[in-house]
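Trainee: Enclosed is the structure file coords00.pdb (PDB, C-alpha atoms and all ligand atoms).
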```pdb
ATOM      1  CA  MET O 261      -8.637 -77.147  -8.831  1.00  0.00           C
ATOM      2  CA  ASN O 262      -9.722 -78.053 -12.353  1.00  0.00           C
ATOM      3  CA  VAL O 263     -12.490 -80.289 -13.638  1.00  0.00           C
ATOM      4  CA  GLY O 264     -13.289 -81.000 -17.242  1.00  0.00           C
ATOM      5  CA  THR O 265     -14.945 -83.147 -19.819  1.00  0.00           C
ATOM      6  CA  GLU O 266     -14.959 -83.601 -23.545  1.00  0.00           C
ATOM      7  CA  VAL O 267     -17.422 -84.470 -26.276  1.00  0.00           C
ATOM      8  CA  GLU O 268     -17.295 -85.250 -29.973  1.00  0.00           C
ATOM      9  CA  ILE O 269     -19.776 -83.711 -32.346  1.00  0.00           C
ATOM     10  CA  CYS O 270     -20.306 -83.672 -36.130  1.00  0.00           C
ATOM     11  CA  ILE O 271     -20.782 -80.194 -37.611  1.00  0.00           C
ATOM     12  CA  GLY O 272     -20.693 -78.829 -41.132  1.00  0.00           C
ATOM     13  CA  HIS O 273     -19.279 -75.414 -41.906  1.00  0.00           C
ATOM     14  CA  ARG O 274     -17.598 -73.218 -44.446  1.00  0.00           C
ATOM     15  CA  LEU O 275     -15.612 -70.023 -44.105  1.00  0.00           C
ATOM     16  CA  MET O 276     -16.472 -66.800 -45.888  1.00  0.00           C
ATOM     17  CA  ASP O 277     -13.892 -64.382 -47.342  1.00  0.00           C
ATOM     18  CA  TYR O 278     -11.309 -67.145 -47.175  1.00  0.00           C
ATOM     19  CA  LEU O 279      -9.325 -68.810 -49.961  1.00  0.00           C
ATOM     20  CA  GLY O 280      -8.375 -72.158 -48.325  1.00  0.00           C
ATOM     21  CA  LYS O 281     -10.090 -75.546 -48.371  1.00  0.00           C
ATOM     22  CA  CYS O 282     -12.559 -74.542 -45.654  1.00  0.00           C
ATOM     23  CA  ALA O 283     -14.181 -72.088 -48.097  1.00  0.00           C
ATOM     24  CA  ASN O 284     -16.094 -75.123 -49.416  1.00  0.00           C
ATOM     25  CA  PRO O 285     -19.041 -76.565 -47.470  1.00  0.00           C
ATOM     26  CA  HIS O 286     -17.777 -79.621 -45.594  1.00  0.00           C
ATOM     27  CA  GLY O 287     -17.801 -81.112 -42.126  1.00  0.00           C
ATOM     28  CA  HIS O 288     -15.570 -82.011 -39.203  1.00  0.00           C
ATOM     29  CA  ASN O 289     -15.774 -84.388 -36.296  1.00  0.00           C
ATOM     30  CA  TYR O 290     -15.048 -81.763 -33.679  1.00  0.00           C
ATOM     31  CA  ARG O 291     -13.694 -82.771 -30.303  1.00  0.00           C
ATOM     32  CA  ILE O 292     -14.467 -80.206 -27.642  1.00  0.00           C
ATOM     33  CA  CYS O 293     -12.620 -80.254 -24.338  1.00  0.00           C
ATOM     34  CA  VAL O 294     -13.690 -77.914 -21.564  1.00  0.00           C
ATOM     35  CA  GLN O 295     -12.148 -77.235 -18.189  1.00  0.00           C
ATOM     36  CA  ALA O 296     -13.500 -75.265 -15.249  1.00  0.00           C
ATOM     37  CA  THR O 297     -11.199 -73.811 -12.614  1.00  0.00           C
ATOM     38  CA  GLY O 298     -12.174 -72.764  -9.145  1.00  0.00           C
ATOM     39  CA  ASN O 299     -11.395 -72.941  -5.465  1.00  0.00           C
ATOM     40  CA  MET O 300     -13.163 -75.509  -3.335  1.00  0.00           C
ATOM     41  CA  LYS O 301     -14.348 -74.784   0.149  1.00  0.00           C
ATOM     42  CA  LYS O 302     -14.761 -77.435   2.830  1.00  0.00           C
ATOM     43  CA  ARG O 303     -18.527 -77.151   2.583  1.00  0.00           C
ATOM     44  CA  ASP O 304     -18.402 -78.174  -1.086  1.00  0.00           C
ATOM     45  CA  TYR O 305     -18.087 -81.880  -0.132  1.00  0.00           C
ATOM     46  CA  GLY O 306     -15.005 -82.283  -2.297  1.00  0.00           C
ATOM     47  CA  ILE O 307     -16.846 -81.349  -5.474  1.00  0.00           C
ATOM     48  CA  LEU O 308     -15.830 -78.273  -7.445  1.00  0.00           C
ATOM     49  CA  LEU O 309     -18.495 -78.792 -10.093  1.00  0.00           C
ATOM     50  CA  ASP O 310     -20.771 -81.812 -10.357  1.00  0.00           C
ATOM     51  CA  PHE O 311     -19.884 -83.717 -13.537  1.00  0.00           C
ATOM     52  CA  SER O 312     -23.569 -84.090 -14.399  1.00  0.00           C
ATOM     53  CA  ASP O 313     -24.026 -80.306 -14.214  1.00  0.00           C
ATOM     54  CA  LEU O 314     -20.920 -79.870 -16.364  1.00  0.00           C
ATOM     55  CA  LYS O 315     -22.163 -82.326 -18.996  1.00  0.00           C
ATOM     56  CA  ASP O 316     -25.682 -80.852 -18.925  1.00  0.00           C
ATOM     57  CA  ALA O 317     -24.315 -77.352 -19.543  1.00  0.00           C
ATOM     58  CA  LEU O 318     -22.030 -78.449 -22.365  1.00  0.00           C
ATOM     59  CA  ASN O 319     -24.802 -80.502 -23.984  1.00  0.00           C
ATOM     60  CA  LYS O 320     -27.136 -77.502 -23.768  1.00  0.00           C
ATOM     61  CA  VAL O 321     -24.569 -75.292 -25.509  1.00  0.00           C
ATOM     62  CA  LEU O 322     -23.745 -77.834 -28.213  1.00  0.00           C
ATOM     63  CA  ALA O 323     -27.175 -79.367 -28.951  1.00  0.00           C
ATOM     64  CA  PRO O 324     -27.999 -76.822 -31.687  1.00  0.00           C
ATOM     65  CA  PHE O 325     -24.720 -77.676 -33.461  1.00  0.00           C
ATOM     66  CA  ASP O 326     -25.053 -81.477 -33.599  1.00  0.00           C
ATOM     67  CA  HIS O 327     -25.260 -82.477 -37.283  1.00  0.00           C
ATOM     68  CA  ALA O 328     -25.975 -78.852 -38.223  1.00  0.00           C
ATOM     69  CA  MET O 329     -24.330 -76.450 -40.662  1.00  0.00           C
ATOM     70  CA  MET O 330     -22.480 -73.722 -38.750  1.00  0.00           C
ATOM     71  CA  LEU O 331     -22.395 -70.670 -41.019  1.00  0.00           C
ATOM     72  CA  ARG O 332     -21.630 -66.980 -40.730  1.00  0.00           C
ATOM     73  CA  ASP O 333     -24.946 -65.146 -40.562  1.00  0.00           C
ATOM     74  CA  ASP O 334     -24.429 -63.423 -43.932  1.00  0.00           C
ATOM     75  CA  ASP O 335     -23.522 -66.652 -45.767  1.00  0.00           C
ATOM     76  CA  PRO O 336     -25.859 -66.958 -48.793  1.00  0.00           C
ATOM     77  CA  LEU O 337     -26.281 -70.655 -47.974  1.00  0.00           C
ATOM     78  CA  VAL O 338     -28.209 -69.757 -44.784  1.00  0.00           C
ATOM     79  CA  PRO O 339     -31.567 -68.824 -46.363  1.00  0.00           C
ATOM     80  CA  PHE O 340     -31.313 -71.687 -48.864  1.00  0.00           C
ATOM     81  CA  LEU O 341     -30.637 -74.353 -46.217  1.00  0.00           C
ATOM     82  CA  VAL O 342     -33.195 -72.932 -43.775  1.00  0.00           C
ATOM     83  CA  ALA O 343     -35.866 -72.880 -46.513  1.00  0.00           C
ATOM     84  CA  GLU O 344     -35.315 -76.540 -47.300  1.00  0.00           C
ATOM     85  CA  GLY O 345     -35.468 -77.508 -43.618  1.00  0.00           C
ATOM     86  CA  SER O 346     -31.805 -78.142 -42.811  1.00  0.00           C
ATOM     87  CA  LYS O 347     -30.449 -77.567 -39.314  1.00  0.00           C
ATOM     88  CA  VAL O 348     -28.416 -74.344 -39.450  1.00  0.00           C
ATOM     89  CA  VAL O 349     -26.622 -72.368 -36.743  1.00  0.00           C
ATOM     90  CA  LYS O 350     -25.918 -68.772 -37.702  1.00  0.00           C
ATOM     91  CA  MET O 351     -22.731 -67.357 -36.212  1.00  0.00           C
ATOM     92  CA  GLU O 352     -21.863 -63.679 -35.878  1.00  0.00           C
ATOM     93  CA  HIS O 353     -18.302 -64.408 -37.046  1.00  0.00           C
ATOM     94  CA  ASN O 354     -16.733 -66.919 -39.434  1.00  0.00           C
ATOM     95  CA  PRO O 355     -17.227 -70.437 -37.992  1.00  0.00           C
ATOM     96  CA  THR O 356     -13.554 -71.105 -37.334  1.00  0.00           C
ATOM     97  CA  ALA O 357     -12.362 -73.316 -34.485  1.00  0.00           C
ATOM     98  CA  GLU O 358     -11.149 -70.139 -32.760  1.00  0.00           C
ATOM     99  CA  ASN O 359     -14.527 -68.401 -32.953  1.00  0.00           C
ATOM    100  CA  PHE O 360     -16.345 -71.590 -32.002  1.00  0.00           C
ATOM    101  CA  ALA O 361     -14.152 -71.938 -28.899  1.00  0.00           C
ATOM    102  CA  GLU O 362     -14.907 -68.318 -27.937  1.00  0.00           C
ATOM    103  CA  PHE O 363     -18.630 -68.927 -28.429  1.00  0.00           C
ATOM    104  CA  ILE O 364     -18.609 -72.060 -26.263  1.00  0.00           C
ATOM    105  CA  LYS O 365     -16.651 -70.291 -23.523  1.00  0.00           C
ATOM    106  CA  THR O 366     -19.105 -67.370 -23.472  1.00  0.00           C
ATOM    107  CA  GLN O 367     -22.110 -69.684 -23.319  1.00  0.00           C
ATOM    108  CA  LEU O 368     -20.622 -71.898 -20.593  1.00  0.00           C
ATOM    109  CA  THR O 369     -19.704 -68.847 -18.518  1.00  0.00           C
ATOM    110  CA  MET O 370     -23.313 -67.650 -18.692  1.00  0.00           C
ATOM    111  CA  LEU O 371     -24.645 -71.068 -17.609  1.00  0.00           C
ATOM    112  CA  LEU O 372     -21.978 -71.790 -14.989  1.00  0.00           C
ATOM    113  CA  PRO O 373     -20.094 -68.646 -13.930  1.00  0.00           C
ATOM    114  CA  MET O 374     -16.595 -70.043 -13.457  1.00  0.00           C
ATOM    115  CA  GLU O 375     -13.217 -69.655 -15.108  1.00  0.00           C
ATOM    116  CA  TRP O 376     -13.314 -71.752 -18.300  1.00  0.00           C
ATOM    117  CA  LYS O 377     -10.747 -73.078 -20.725  1.00  0.00           C
ATOM    118  CA  VAL O 378     -12.151 -74.420 -23.995  1.00  0.00           C
ATOM    119  CA  ARG O 379     -10.226 -76.389 -26.613  1.00  0.00           C
ATOM    120  CA  VAL O 380     -11.841 -77.154 -29.969  1.00  0.00           C
ATOM    121  CA  TYR O 381     -10.188 -79.808 -32.140  1.00  0.00           C
ATOM    122  CA  GLU O 382     -11.200 -79.349 -35.748  1.00  0.00           C
ATOM    123  CA  THR O 383      -9.108 -82.365 -36.720  1.00  0.00           C
ATOM    124  CA  THR O 384      -7.432 -85.008 -34.569  1.00  0.00           C
ATOM    125  CA  LYS O 385      -4.276 -82.908 -34.382  1.00  0.00           C
ATOM    126  CA  SER O 386      -5.322 -79.268 -34.846  1.00  0.00           C
ATOM    127  CA  TYR O 387      -7.095 -77.193 -32.236  1.00  0.00           C
ATOM    128  CA  ALA O 388      -7.891 -73.710 -31.014  1.00  0.00           C
ATOM    129  CA  GLU O 389      -7.933 -72.945 -27.300  1.00  0.00           C
ATOM    130  CA  VAL O 390      -9.288 -70.030 -25.350  1.00  0.00           C
TER     131      VAL O 390
HETATM  132 ZN    ZN O 401     -13.296 -76.914 -42.040  1.00  0.00          ZN
END
```
Just give me the structure as structure tokens.
Ligand SMILES: [Zn+2]

Mentor:
Amino acid sequence: MNVGTEVEICIGHRLMDYLGKCANPHGHNYRICVQATGNMKKRDYGILLDFSDLKDALNKVLAPFDHAMMLRDDDPLVPFLVAEGSKVVKMEHNPTAENFAEFIKTQLTMLLPMEWKVRVYETTKSYAEV
């Protein structure tokens, strides 16, 4: 059995050590789709995972990212933006859709220990899934 939800969120980012367009600071309207898989037992009242618990967990994971700059922790923009009061999320790895999907999956698994599939759309047609 699978249950899932999705949210849209605005996040800025840029990629380090990269020569494409995403090397420049810019933003995306990310669409994040998550799916939990598990086996229901009769005592579960027909609910694998309460949708409100699912949404609460996803909102908790994503709240720091909403209208923030998502930057690799060694990006020289980090201290500048933090000093002038901007909302910044420092990532261990380059803030690609792939790494963001991995991060979300790890965080969701800690909050709700289930099997998770996470899909991060960086544009309307391009996504990374883990
Ligand atoms: Zn980008």

Trainee: When the PyMOL selection byres (((not hetatm)) within 9 of (chain O and resi 401)) is applied to the file above, which residues end up in the set, as a PyMOL selection string?

Mentor: chain O and resi 272-275+281-288+355-357+382-383

Trainee: Would you list the contacts of Met329 (chain O) as number ranges by chain, taking every protein, DNA or RNA residue within 8 Å and counting only C-alpha atoms, but skipping same-chain residues closer than 4 positions in sequence?

Mentor: O: 271-273, 325, 346-349

Trainee: Can you tell me, as a list in words, what residues are no more than 10 Å from region 364-369 of chain O when counting all atoms listed in the file, ignoring any on the same chain fewer than 3 positions away?

Mentor: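 That gives Ile292, Val294, Gln295, Ala296, Leu314, Ala317, Leu318, Lys320, Val321, Leu322, Asn359, Phe360, Ala361, Leu372, Pro373, Met374, Glu375, Trp376, Lys377, Val378, Arg379, Val380, Glu389 and Val390 of chain O.
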
Trainee: Can you tell me how far CA of Lys301 (chain O) sits from CA of Asp316 (chain O), in Å to one decimal?

Mentor: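 Pair CA of Lys301 (chain O) / CA of Asp316 (chain O) returns 23.0 Å.
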
Trainee: Pick out the closest residue to Asn289 (chain O) from this set: O:Met276, O:Ile307, O:Val267, O:Ala343. Count only C-alpha atoms.

Mentor: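 Using only C-alpha atoms, the shortest distance to Asn289 (chain O) belongs to O:Val267.
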
Trainee: What gap, in Å, lies between CA of Leu309 (chain O) and CA of Thr265 (chain O)?

Mentor: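 Computing the Euclidean distance for CA of Leu309 (chain O) and CA of Thr265 (chain O) yields 11.2 Å.
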
Trainee: Just want the 9 Å neighbourhood of Met351 (chain O), counted on only C-alpha atoms, with same-chain residues fewer than 5 positions away dropped. Output as a ChimeraX atom specification.

Mentor: /O:330-334,359-360,363

Trainee: Expressed in Å to a single decimal, how great is the separation between CA of Leu337 (chain O) and CA of Pro324 (chain O)?

Mentor: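 So the answer is 17.5 Å.
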
Trainee: Taking all listed atoms of region 335-342 of chain O, build the axis-aligned box, pad each of the six sides by 6 Å, then write its centre and edge lengths in Å to one decimal as JSON.

Mentor:
```
{"center_x": -28.4, "center_y": -70.5, "center_z": -46.3, "size_x": 21.7, "size_y": 19.7, "size_z": 17.1}
```

Trainee: Find the residue from O:His353, O:Ala328, O:Val263, O:Leu341 that sits nearest to Asp277 (chain O); use all atoms listed in the file when measuring.

Mentor: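 Once distances to Asp277 (chain O) are computed over all atoms listed in the file, the minimum belongs to O:His353.
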
Trainee: Go through O:Asn354, O:Ser312, O:Asn299, O:Asn319 one by one, measure the shortest atom-to-atom distance of each to Ile269 (chain O) using all atoms listed in the file, and give the residue with the smallest value.

Mentor: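 Closest to Ile269 (chain O), using all atoms listed in the file: O:Asn319.
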